[in-house]
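Worksheet: one structure, shown below.
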Number of protein chains: 2
Amino acid sequence: MRNLDQHTITDAVLARQAATADPRLKRILDSLVRHLHAFARDVELTEEEWFQGIAFLTRCGHITDDRRQEFILLSDVLGLSMLTVAQNNDKPAGCTEATVFGPFHVEGAPHYDLGADISHGARGIPCLVRGTVRGPDGEPVPHAHIDVWQSDEDGLYDVQHEGLGHAQARGILHSDAEGRYHFRSILAVPYAIPHDGPVGDLLTATGRHPWRPAHLHFLIEAKGYERLITHVFRSDDAYLDSDAVFGVRQSLIADWKPQPDGSYLVEYDFVLNRAPAEGS
Amino acid sequence: MRNLDQHTITDAVLARQAATADPRLKRILDSLVRHLHAFARDVELTEEEWFQGIAFLTRCGHITDDRRQEFILLSDVLGLSMLTVAQNNDKPAGCTEATVFGPFHVEGAPHYDLGADISHGARGIPCLVRGTVRGPDGEPVPHAHIDVWQSDEDGLYDVQHEGLGHAQARGILHSDAEGRYHFRSILAVPYAIPHDGPVGDLLTATGRHPWRPAHLHFLIEAKGYERLITHVFRSDDAYLDSDAVFGVRQSLIADWKPQPDGSYLVEYDFVLNRAPAEGS
């Protein structure tokens, strides 16, 4: 393996990783090498551009910490996240569709009883959220684990508030014996994804806006059912057709109804797909 | 742009970046999106594997600092670096070939006079390095800027020695009026690239060793000539055919000759390609 050129190097790298023990990893890495090399040949990547790419990834890495995940943001704006979600969530008709996970989920959110106000001091117009969790045959799913998170009226998640120190507009609830859930929070508003870093520079350079239509995030898990990661969007949002991360699905849009006291109400019923039978 | 699936999302992302002002950037990003999406479809990437990819890039970013560049290392072991070098350095016959830059170059290395000992305390067997810098017609290139760097006998570059605080086995010299150069340093030895991070895990998982054959790095610049980034390898090295970063070129291999006093001598003559004429 000497004197490799731009045409012979791909086979040389594939030969070098031929001993990869895990066949799944081998399939992924072989394809990655082929596509990465094909990209560099296709655009005739220059050494200066290669340096810029290294610097871009380095910036993404250095701005990423416990509260910010620039690589997920990059995957989101390049459409890779929604592609991955789509090809892994081909559910039967009637099941709630999945969408992107996003960079703002936090493990270990506080637990709340049904009916509690999860805003926990986050600023915004009060909003009541309620509905049901059911299975594909309409059966209620009792005690489903419902992890919900959202931004405040400034378009910021709790983790984006420097020094806040506690969870806001984020929490875990469980559906009741009839699969019902309800909690208080604040009205979701459209917000710009973090665009003061390398991903923001990418959006600017490509003439793209950083906005996402208003939404609530849900991660729902229950024994015997597939995990569901999704959003509920607002029907009156101006960004439904230009979501910066390509996550909008028509079936996830709901009417958020103003109430006489100035608060809002949104109702959404989730339908979980059944998990594959154990051992199948 | 709602309800995008794994088949429709690629065109949606391309449409979103259609307004990219810089045509070169547009060409690169369009190709990147196409190849990235094709990879994810090809391997039917799962959400769990996507998370693992995000975590891998995050680890690369967090281990990268002023003295370690894991993204360059990743590009090197995947063959992307050598591919990029090869397709940008198609020089006329007789010119010295280029090879990978690597992650260990440092801007602002100390300047030395010809004949100086650039090891500056680095451990190793003394070695004299000498030769000429010429142009394609054999003309001497006087006062060429010669930036050289290498590892010590433990296989470590100065920047890998925690707390060292000064350059070792690294320096900048200038060829004399006849294009000649000579300096003292230490014998280059084979070494393992840093493999205590994510790139090391990748090598382990793919059954690859982390070794590079012994070499000296050179970056040579002179007015009127193309910049040359290259290595000089040792002809007696066991890793010449399995360099972890695919950088070996037969024309860059030299005999490093033991001398009666136990030191070594290596001679290498560089031939720079002429730079394109101004304004052409």
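Residues are named by chain letter and number: chains run A, B, ... in the order of the structure tokens, numbers start at 1 in each chain, and ligands are numbered from 1 in the order shown.
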
Can you list every residue in region 133-267 of chain A that DSSP puts in helix (DSSP H, G or I), as a PyMOL selection string? chain A and resi 158-160+198-205+250-252

Write out as CSV the residues of chain B that have any atom within 6 Å of an atom of chain A, one row each with the nearest atom pair and its distance in Å to one decimal, counting only C-alpha atoms, sorted by chain and then rising number.
residue,atom,partner,partner_atom,distance
B:Met1,CA,A:Asp241,CA,5.0
B:Arg2,CA,A:Val248,CA,5.2
B:Asn3,CA,A:Arg249,CA,4.5
B:Asp5,CA,A:Ala86,CA,5.3
B:Gln6,CA,A:Leu83,CA,4.6
B:Gln17,CA,A:Thr206,CA,5.2
B:Ala19,CA,A:Gly207,CA,5.5
B:Thr20,CA,A:Thr206,CA,4.0
B:Ile28,CA,A:Val43,CA,5.9
B:His35,CA,A:His35,CA,5.7
B:Val43,CA,A:Ile28,CA,5.9
B:Thr58,CA,A:Gly61,CA,5.6
B:Gly61,CA,A:Gly61,CA,3.7
B:His62,CA,A:Gly61,CA,5.9
B:Leu83,CA,A:Gln6,CA,4.6
B:Ala86,CA,A:Asp5,CA,5.4
B:Gln87,CA,A:Gln6,CA,5.7
B:Thr206,CA,A:Thr20,CA,4.0
B:Gly207,CA,A:Ala19,CA,5.5
B:Asp241,CA,A:Met1,CA,4.9
B:Val248,CA,A:Arg2,CA,5.2
B:Arg249,CA,A:Asn3,CA,4.5

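The list of residues with at least one atom within 10 Å of Pro136 (chain B), based on only C-alpha atoms and without residues fewer than 2 positions apart in the same chain, reads Pro92, Ala93, Gly94, Cys95, Thr96, Arg134, Gly138, Glu139, Pro140, Tyr225, Phe270, Val271, Leu272, Asn273 and Arg274 of chain B.
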
Keeping only C-alpha atoms, write the selected residues to a file as a PDB file, in the first residue's frame.
ATOM      1  CA  PRO B  92       5.086  17.177 -13.127  1.00  0.00           C
ATOM      2  CA  ALA B  93       7.471  14.215 -13.114  1.00  0.00           C
ATOM      3  CA  GLY B  94      10.609  14.985 -11.167  1.00  0.00           C
ATOM      4  CA  CYS B  95       8.910  17.199  -8.563  1.00  0.00           C
ATOM      5  CA  THR B  96       8.840  15.930  -4.993  1.00  0.00           C
ATOM      6  CA  ARG B 134      15.668  22.970  -6.285  1.00  0.00           C
ATOM      7  CA  GLY B 138      17.354  21.984 -11.481  1.00  0.00           C
ATOM      8  CA  GLU B 139      17.824  25.600 -10.420  1.00  0.00           C
ATOM      9  CA  PRO B 140      18.688  26.075  -6.721  1.00  0.00           C
ATOM     10  CA  TYR B 225       7.054  27.856  -6.223  1.00  0.00           C
ATOM     11  CA  PHE B 270      13.557  18.380  -2.744  1.00  0.00           C
ATOM     12  CA  VAL B 271      12.250  19.593  -6.096  1.00  0.00           C
ATOM     13  CA  LEU B 272       9.505  22.226  -5.877  1.00  0.00           C
ATOM     14  CA  ASN B 273       6.919  22.671  -8.581  1.00  0.00           C
ATOM     15  CA  ARG B 274       6.717  26.124 -10.112  1.00  0.00           C
TER      16      ARG B 274
END

Determine, counting only C-alpha atoms, which protein, DNA and RNA residues have an atom within 12 Å of an atom of Phe104 (chain B); residues of the same chain fewer than 4 positions away are not included. Present the result as JSON, numbers by chain. {"B": [64, 65, 66, 67, 68, 69, 70, 72, 73, 100, 109, 148, 149, 150, 151, 156, 157, 158, 159, 160, 167, 169, 170, 193, 194, 216, 217, 218]}

Got time to write the residues from that selection, N, CA and C atoms, as a PDB file, in the first residue's frame?
ATOM      1  N   THR B  64     -10.162  17.268  21.249  1.00  0.00           N
ATOM      2  CA  THR B  64      -9.362  18.169  20.417  1.00  0.00           C
ATOM      3  C   THR B  64      -9.084  19.469  21.165  1.00  0.00           C
ATOM      4  N   ASP B  65      -7.808  19.863  21.182  1.00  0.00           N
ATOM      5  CA  ASP B  65      -7.437  21.143  21.796  1.00  0.00           C
ATOM      6  C   ASP B  65      -6.261  21.719  21.016  1.00  0.00           C
ATOM      7  N   ASP B  66      -5.542  22.669  21.599  1.00  0.00           N
ATOM      8  CA  ASP B  66      -4.431  23.305  20.890  1.00  0.00           C
ATOM      9  C   ASP B  66      -3.333  22.317  20.546  1.00  0.00           C
ATOM     10  N   ARG B  67      -3.303  21.180  21.223  1.00  0.00           N
ATOM     11  CA  ARG B  67      -2.198  20.263  21.036  1.00  0.00           C
ATOM     12  C   ARG B  67      -2.612  18.910  20.462  1.00  0.00           C
ATOM     13  N   ARG B  68      -3.886  18.729  20.267  1.00  0.00           N
ATOM     14  CA  ARG B  68      -4.359  17.458  19.708  1.00  0.00           C
ATOM     15  C   ARG B  68      -5.515  17.723  18.766  1.00  0.00           C
ATOM     16  N   GLN B  69      -5.502  17.085  17.578  1.00  0.00           N
ATOM     17  CA  GLN B  69      -6.515  17.354  16.561  1.00  0.00           C
ATOM     18  C   GLN B  69      -7.124  16.028  16.104  1.00  0.00           C
ATOM     19  N   GLU B  70      -8.161  15.607  16.826  1.00  0.00           N
ATOM     20  CA  GLU B  70      -8.747  14.288  16.551  1.00  0.00           C
ATOM     21  C   GLU B  70      -9.463  14.242  15.203  1.00  0.00           C
ATOM     22  N   ILE B  72      -8.502  15.727  12.365  1.00  0.00           N
ATOM     23  CA  ILE B  72      -7.485  15.445  11.350  1.00  0.00           C
ATOM     24  C   ILE B  72      -7.092  13.975  11.418  1.00  0.00           C
ATOM     25  N   LEU B  73      -6.925  13.472  12.627  1.00  0.00           N
ATOM     26  CA  LEU B  73      -6.576  12.060  12.802  1.00  0.00           C
ATOM     27  C   LEU B  73      -7.650  11.168  12.179  1.00  0.00           C
ATOM     28  N   VAL B 100       0.459  13.532   3.483  1.00  0.00           N
ATOM     29  CA  VAL B 100      -0.471  14.119   4.471  1.00  0.00           C
ATOM     30  C   VAL B 100       0.216  15.114   5.403  1.00  0.00           C
ATOM     31  N   ALA B 109       6.888  27.828  14.875  1.00  0.00           N
ATOM     32  CA  ALA B 109       8.010  27.061  15.429  1.00  0.00           C
ATOM     33  C   ALA B 109       9.249  27.963  15.510  1.00  0.00           C
ATOM     34  N   VAL B 148      10.246  22.011   9.668  1.00  0.00           N
ATOM     35  CA  VAL B 148      10.430  20.569   9.874  1.00  0.00           C
ATOM     36  C   VAL B 148       9.935  20.189  11.266  1.00  0.00           C
ATOM     37  N   TRP B 149       9.313  19.005  11.372  1.00  0.00           N
ATOM     38  CA  TRP B 149       8.885  18.525  12.694  1.00  0.00           C
ATOM     39  C   TRP B 149       8.883  17.001  12.717  1.00  0.00           C
ATOM     40  N   GLN B 150       9.120  16.441  13.885  1.00  0.00           N
ATOM     41  CA  GLN B 150       9.224  14.986  14.015  1.00  0.00           C
ATOM     42  C   GLN B 150       8.992  14.575  15.466  1.00  0.00           C
ATOM     43  N   SER B 151       8.810  13.272  15.653  1.00  0.00           N
ATOM     44  CA  SER B 151       8.646  12.740  17.012  1.00  0.00           C
ATOM     45  C   SER B 151      10.008  12.368  17.590  1.00  0.00           C
ATOM     46  N   LEU B 156       6.826  10.335  20.409  1.00  0.00           N
ATOM     47  CA  LEU B 156       5.942  11.451  20.779  1.00  0.00           C
ATOM     48  C   LEU B 156       6.472  12.771  20.236  1.00  0.00           C
ATOM     49  N   TYR B 157       5.568  13.592  19.728  1.00  0.00           N
ATOM     50  CA  TYR B 157       5.922  14.964  19.360  1.00  0.00           C
ATOM     51  C   TYR B 157       5.951  15.806  20.629  1.00  0.00           C
ATOM     52  N   ASP B 158       6.647  16.944  20.540  1.00  0.00           N
ATOM     53  CA  ASP B 158       6.767  17.815  21.716  1.00  0.00           C
ATOM     54  C   ASP B 158       5.404  18.173  22.309  1.00  0.00           C
ATOM     55  N   VAL B 159       4.421  18.449  21.449  1.00  0.00           N
ATOM     56  CA  VAL B 159       3.105  18.860  21.951  1.00  0.00           C
ATOM     57  C   VAL B 159       2.393  17.736  22.707  1.00  0.00           C
ATOM     58  N   GLN B 160       2.891  16.506  22.570  1.00  0.00           N
ATOM     59  CA  GLN B 160       2.273  15.403  23.306  1.00  0.00           C
ATOM     60  C   GLN B 160       2.888  15.235  24.698  1.00  0.00           C
ATOM     61  N   ALA B 167       9.350  24.124  22.214  1.00  0.00           N
ATOM     62  CA  ALA B 167       9.430  23.263  21.037  1.00  0.00           C
ATOM     63  C   ALA B 167      10.629  22.321  21.139  1.00  0.00           C
ATOM     64  N   ALA B 169      12.496  19.155  18.607  1.00  0.00           N
ATOM     65  CA  ALA B 169      12.510  18.417  17.340  1.00  0.00           C
ATOM     66  C   ALA B 169      11.554  19.056  16.338  1.00  0.00           C
ATOM     67  N   ARG B 170      11.591  20.378  16.303  1.00  0.00           N
ATOM     68  CA  ARG B 170      10.678  21.167  15.477  1.00  0.00           C
ATOM     69  C   ARG B 170      11.352  22.518  15.240  1.00  0.00           C
ATOM     70  N   ILE B 193      -0.018   6.471  16.231  1.00  0.00           N
ATOM     71  CA  ILE B 193      -0.800   7.706  16.344  1.00  0.00           C
ATOM     72  C   ILE B 193      -1.591   7.641  17.654  1.00  0.00           C
ATOM     73  N   PRO B 194      -1.999   8.802  18.184  1.00  0.00           N
ATOM     74  CA  PRO B 194      -2.746   8.775  19.456  1.00  0.00           C
ATOM     75  C   PRO B 194      -3.963   7.854  19.337  1.00  0.00           C
ATOM     76  N   LEU B 216      10.252  12.145   8.786  1.00  0.00           N
ATOM     77  CA  LEU B 216      10.398  13.569   9.094  1.00  0.00           C
ATOM     78  C   LEU B 216       9.339  14.322   8.297  1.00  0.00           C
ATOM     79  N   HIS B 217       8.687  15.300   8.937  1.00  0.00           N
ATOM     80  CA  HIS B 217       7.739  16.171   8.228  1.00  0.00           C
ATOM     81  C   HIS B 217       8.468  17.395   7.671  1.00  0.00           C
ATOM     82  N   PHE B 218       8.124  17.762   6.438  1.00  0.00           N
ATOM     83  CA  PHE B 218       8.641  19.006   5.849  1.00  0.00           C
ATOM     84  C   PHE B 218       7.499  19.828   5.264  1.00  0.00           C
TER      85      PHE B 218
END

Name the residues of region 24-134 of chain B that fall into strand (DSSP E) according to DSSP on the backbone, using the chain letters and numbers of this document, as a VMD selection string. chain B and resid 126 to 134

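Using only C-alpha atoms, the nearest neighbour of Ile125 (chain A) within the list A:Arg184, A:Arg234, A:Arg212, A:His105 is A:Arg184.
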
Any idea what the distance is between CA of His166 (chain B) and CA of Gly131 (chain B)? 26.9 Å

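For the pair CA of Val141 (chain B) and CA of Gly224 (chain B), the separation is 9.6 Å.
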
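Take CA of Gly115 (chain A) and CA of His182 (chain A): the distance between them is 5.4 Å.
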